[in-house]
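First the structure, in the form of C-alpha cells, and then the observations on it.
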Amino acid sequence: MKKAYYFDLDNTLFFNDQGVILPNTLKLLHALKKQPNTILGLATGRSLEKLKIVKDILPLFDHMVLINGAMLYINGKLVHETPILKEDIDDVLDVLKDTNVNIGMVSELEDAILYEDARVDHAMKTLRGIHPVIKSNFHQESSIYQLWIFADSDEDIKNIASKLTNFHCFPWHIGGADFIYPHVHKAAGINHLRTLDPYDKLIAVGDGLNDISMIQLADIGIAMDNSRFETLKNEAQLIAPHIKEDLLFDFFIKEKLLVT
C-alpha cells in the first residue's frame with residue numbers, strides 16, 4: 001500500500017517561536033522519506049520564496065501544496081496554479097478603501113502591503129522570513145495568489161469576511177487572515193496532485209483553520225495540540241503533542257504510522 005504523509009509547516013513542523021525545526025520532528029521527516037511506498041507532502045500557506053527558512057528540508061518533499069492550494073508542485077516542478085483575477089482584487093480594494101484595514105497581496109516571489117503598519121510588523125515577527133514591501137498597485141504588475149487582511153480584532157475580520165463574498169477567510173493570527181477563493185484550499189490541491197501521482201492512503205497533520213479541509217480529506221487526520229482552533233481538533237482522529245515538546249517521531253511510532 002502506498003501512503004502519502006502531508007504536513008502543514010508553521011507550528012506543525014517549523015516551531016515559529018524558536019525559528020527552527022526541532023530534532024525529533026526532523027528525525028520523523030527523514031524516517032518517512034526512507035520508508036518504502038511513501039509520498040512526503042508539504043501543505044502550507046507560504047509561497048516557494050517564503051520557504052527559504054526551511055530550504056534544507058525541501059528536497060525531502062515529493063509534493064508541495066503552497067499558498068493554501070493556489071500553487072502545486074511535484075518534485076519541485078510547478079504543475080498547477082490558480083491566480084486571483086485582477087478585477088476581484090480591485091473589488092476588494094474598493095470595498096475596504098474607507099476602512100482602517102490593511103491589505104496584503106501574495107505573489108510567487110514577493111509580498112506587498114498597502115502601507116506601513118505596526119499590525120503587519122507584529123504578525124510577521126511570528127512567521128519569520130516574510131518581509132512585505134509597500135506597493136498599492138502590486139496586483140497590476142504581478143500575479144496574486146492570496147490576499148492578507150490586517151485589522152484590529154478577530155471581530156473586524158469576521159465583518160470583513162461577510163463583505164468579501166468571493167473569498168474564503170482563514171484567520172491565522174489575532175486580527176489577521178488569509179483570503180483566497182473558496183475552491184482553492186489544501187484539500188483541493190492534495191486531490192489534484194493525487195490524480196497526477198496516485199497513492200492509497202492519506203495521513204495529514206496540521207494546526208490551523210486552513211488545515212481543516214485536508215484533515216477532513218485524510219484517512220487519518222492529525223491536529224497538533226498547540227492549535228488554537230477547537231474546530232480543527234474536533235475534525236481530527238488523533239491529537240499530536242504540542243510542537244514545543246518535540247515528540248512527533250515518538251507519536252508516529254506509538255500510533256503505528258511509521259514503519260521502523
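Chain labels run A, B, ... following the order of the C-alpha cells; each chain numbers its residues from 1, and ligands are numbered from 1 in the order shown.
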
Residue set, region 25-217 of chain A restricted to strand (DSSP E), as number ranges by chain: A: 38-43, 63-66, 71-74, 77-81, 102-106, 111-113, 133-134, 146-150, 168-173, 176-180, 201-206

Could you turn the residues from that selection into a file that holds C-alpha atoms, as a compact mmCIF listing (two decimals), in the first residue's frame?
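Resulting contents of result.txt:
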```txt
# COMPACT_ATOMS: atom_id res chain seq x y z
CA THR A 38 5.75 6.72 0.68
CA ILE A 39 4.99 10.18 -0.66
CA LEU A 40 6.00 13.07 1.57
CA GLY A 41 3.93 16.22 1.14
CA LEU A 42 4.07 19.80 2.41
CA ALA A 43 0.86 21.86 2.55
CA HIS A 63 4.54 17.05 -3.30
CA MET A 64 4.08 20.69 -2.25
CA VAL A 65 0.73 22.44 -1.91
CA LEU A 66 1.68 26.10 -1.47
CA MET A 71 0.33 26.69 -6.43
CA LEU A 72 1.05 22.96 -6.70
CA TYR A 73 4.40 21.24 -7.21
CA ILE A 74 5.65 17.70 -7.84
CA LYS A 77 8.15 21.49 -10.62
CA LEU A 78 5.06 23.72 -10.77
CA VAL A 79 2.18 21.65 -12.18
CA HIS A 80 -0.86 23.85 -11.45
CA GLU A 81 -1.68 27.40 -10.33
CA ASN A 102 -4.51 46.99 5.52
CA ILE A 103 -4.40 44.59 2.61
CA GLY A 104 -1.53 42.30 1.70
CA MET A 105 -1.03 40.62 -1.65
CA VAL A 106 0.91 37.38 -2.05
CA ASP A 111 4.50 40.09 -0.98
CA ALA A 112 3.20 43.64 -0.70
CA ILE A 113 1.01 45.68 1.65
CA VAL A 133 7.16 45.64 0.51
CA ILE A 134 4.82 48.63 0.26
CA GLN A 146 -3.72 35.11 -1.93
CA LEU A 147 -4.76 38.22 -0.02
CA TRP A 148 -3.99 39.10 3.58
CA ILE A 149 -6.27 41.28 5.66
CA PHE A 150 -4.94 43.09 8.75
CA HIS A 168 -12.99 32.31 1.96
CA CYS A 169 -11.38 33.58 5.17
CA PHE A 170 -8.68 31.68 7.09
CA PRO A 171 -7.72 33.55 10.32
CA TRP A 172 -4.10 32.87 11.28
CA HIS A 173 -3.34 35.42 13.99
CA GLY A 176 -5.32 38.90 10.59
CA ALA A 177 -6.40 36.37 7.98
CA ASP A 178 -5.73 34.84 4.59
CA PHE A 179 -8.38 35.42 1.93
CA ILE A 180 -8.48 33.03 -1.02
CA LYS A 201 -3.87 6.24 1.92
CA LEU A 202 -3.53 9.83 3.16
CA ILE A 203 -2.23 10.91 6.57
CA ALA A 204 -2.37 14.67 7.21
CA VAL A 205 -1.06 16.80 10.10
CA GLY A 206 -1.81 20.47 10.79
```

So which residues of region 115-255 of chain A fall under helix (DSSP H, G or I) by DSSP, listed as a PyMOL selection string? chain A and resi 118-127+138-140+154-163+186-196+209-217+230-235+243-245+248-254

Those residues you just picked out, can you put them in a file as a PDB file, in the first residue's frame with C-alpha atoms?
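And here's part.pdb as it stands now:
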```pdb
ATOM      1  CA  ALA A 118       2.522  48.008  13.120  1.00  0.00           C
ATOM      2  CA  ARG A 119      -0.148  45.292  12.932  1.00  0.00           C
ATOM      3  CA  VAL A 120       1.650  43.772   9.953  1.00  0.00           C
ATOM      4  CA  ASP A 121       5.033  44.022  11.680  1.00  0.00           C
ATOM      5  CA  HIS A 122       3.642  42.199  14.699  1.00  0.00           C
ATOM      6  CA  ALA A 123       2.122  39.410  12.604  1.00  0.00           C
ATOM      7  CA  MET A 124       5.244  38.857  10.537  1.00  0.00           C
ATOM      8  CA  LYS A 125       7.508  38.523  13.571  1.00  0.00           C
ATOM      9  CA  THR A 126       5.907  35.203  14.403  1.00  0.00           C
ATOM     10  CA  LEU A 127       6.132  33.855  10.848  1.00  0.00           C
ATOM     11  CA  PHE A 138       1.144  45.394  -6.768  1.00  0.00           C
ATOM     12  CA  HIS A 139      -1.609  43.333  -8.402  1.00  0.00           C
ATOM     13  CA  GLN A 140      -1.268  45.298 -11.620  1.00  0.00           C
ATOM     14  CA  ASP A 154     -10.948  38.997  15.077  1.00  0.00           C
ATOM     15  CA  GLU A 155     -14.412  40.558  15.124  1.00  0.00           C
ATOM     16  CA  ASP A 156     -13.300  43.063  12.479  1.00  0.00           C
ATOM     17  CA  ILE A 157     -12.014  40.159  10.381  1.00  0.00           C
ATOM     18  CA  LYS A 158     -15.410  38.445  10.631  1.00  0.00           C
ATOM     19  CA  ASN A 159     -17.163  41.617   9.493  1.00  0.00           C
ATOM     20  CA  ILE A 160     -14.786  41.979   6.555  1.00  0.00           C
ATOM     21  CA  ALA A 161     -15.276  38.337   5.571  1.00  0.00           C
ATOM     22  CA  SER A 162     -19.042  38.899   5.412  1.00  0.00           C
ATOM     23  CA  LYS A 163     -18.460  41.599   2.795  1.00  0.00           C
ATOM     24  CA  LYS A 186      -5.284  22.460   0.770  1.00  0.00           C
ATOM     25  CA  ALA A 187      -7.625  19.514   0.169  1.00  0.00           C
ATOM     26  CA  ALA A 188      -8.304  20.596  -3.415  1.00  0.00           C
ATOM     27  CA  GLY A 189      -4.576  20.903  -4.033  1.00  0.00           C
ATOM     28  CA  ILE A 190      -3.870  17.493  -2.498  1.00  0.00           C
ATOM     29  CA  ASN A 191      -6.612  15.902  -4.600  1.00  0.00           C
ATOM     30  CA  HIS A 192      -5.239  17.465  -7.779  1.00  0.00           C
ATOM     31  CA  LEU A 193      -1.741  16.138  -7.099  1.00  0.00           C
ATOM     32  CA  ARG A 194      -3.181  12.724  -6.238  1.00  0.00           C
ATOM     33  CA  THR A 195      -4.638  12.447  -9.740  1.00  0.00           C
ATOM     34  CA  LEU A 196      -1.140  13.044 -11.146  1.00  0.00           C
ATOM     35  CA  LEU A 209      -8.041  26.598  10.236  1.00  0.00           C
ATOM     36  CA  ASN A 210      -6.589  26.312   6.740  1.00  0.00           C
ATOM     37  CA  ASP A 211      -5.758  22.679   7.594  1.00  0.00           C
ATOM     38  CA  ILE A 212      -9.364  21.623   8.226  1.00  0.00           C
ATOM     39  CA  SER A 213     -10.035  20.645   4.615  1.00  0.00           C
ATOM     40  CA  MET A 214      -7.025  18.315   4.439  1.00  0.00           C
ATOM     41  CA  ILE A 215      -7.754  16.859   7.898  1.00  0.00           C
ATOM     42  CA  GLN A 216     -11.288  16.068   6.711  1.00  0.00           C
ATOM     43  CA  LEU A 217      -9.942  14.579   3.481  1.00  0.00           C
ATOM     44  CA  GLU A 230     -11.017  23.621  18.569  1.00  0.00           C
ATOM     45  CA  THR A 231     -12.829  23.242  15.248  1.00  0.00           C
ATOM     46  CA  LEU A 232      -9.712  21.651  13.793  1.00  0.00           C
ATOM     47  CA  LYS A 233      -9.200  19.351  16.773  1.00  0.00           C
ATOM     48  CA  ASN A 234     -12.807  18.203  16.571  1.00  0.00           C
ATOM     49  CA  GLU A 235     -12.293  17.112  12.956  1.00  0.00           C
ATOM     50  CA  ILE A 243       5.149  21.275  18.946  1.00  0.00           C
ATOM     51  CA  LYS A 244       7.386  22.577  21.749  1.00  0.00           C
ATOM     52  CA  GLU A 245       7.547  19.058  23.226  1.00  0.00           C
ATOM     53  CA  LEU A 248       6.226  13.906  16.766  1.00  0.00           C
ATOM     54  CA  PHE A 249       8.551  10.995  15.912  1.00  0.00           C
ATOM     55  CA  ASP A 250       7.568   9.155  19.116  1.00  0.00           C
ATOM     56  CA  PHE A 251       3.892   9.888  18.420  1.00  0.00           C
ATOM     57  CA  PHE A 252       4.111   8.338  14.939  1.00  0.00           C
ATOM     58  CA  ILE A 253       5.772   5.242  16.381  1.00  0.00           C
ATOM     59  CA  LYS A 254       3.149   4.943  19.129  1.00  0.00           C
TER      60      LYS A 254
END
```

Contacts of Leu29 (chain A) within 9 Å, only C-alpha atoms, excl. fewer than 3 positions in-chain, as a PyMOL selection string: chain A and resi 24-26+32-34+40+57+60+249

Separation of CA of Asn137 (chain A) from CA of Pro83 (chain A) in Å: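 Rounded to one decimal, the two atoms are 15.9 Å apart.
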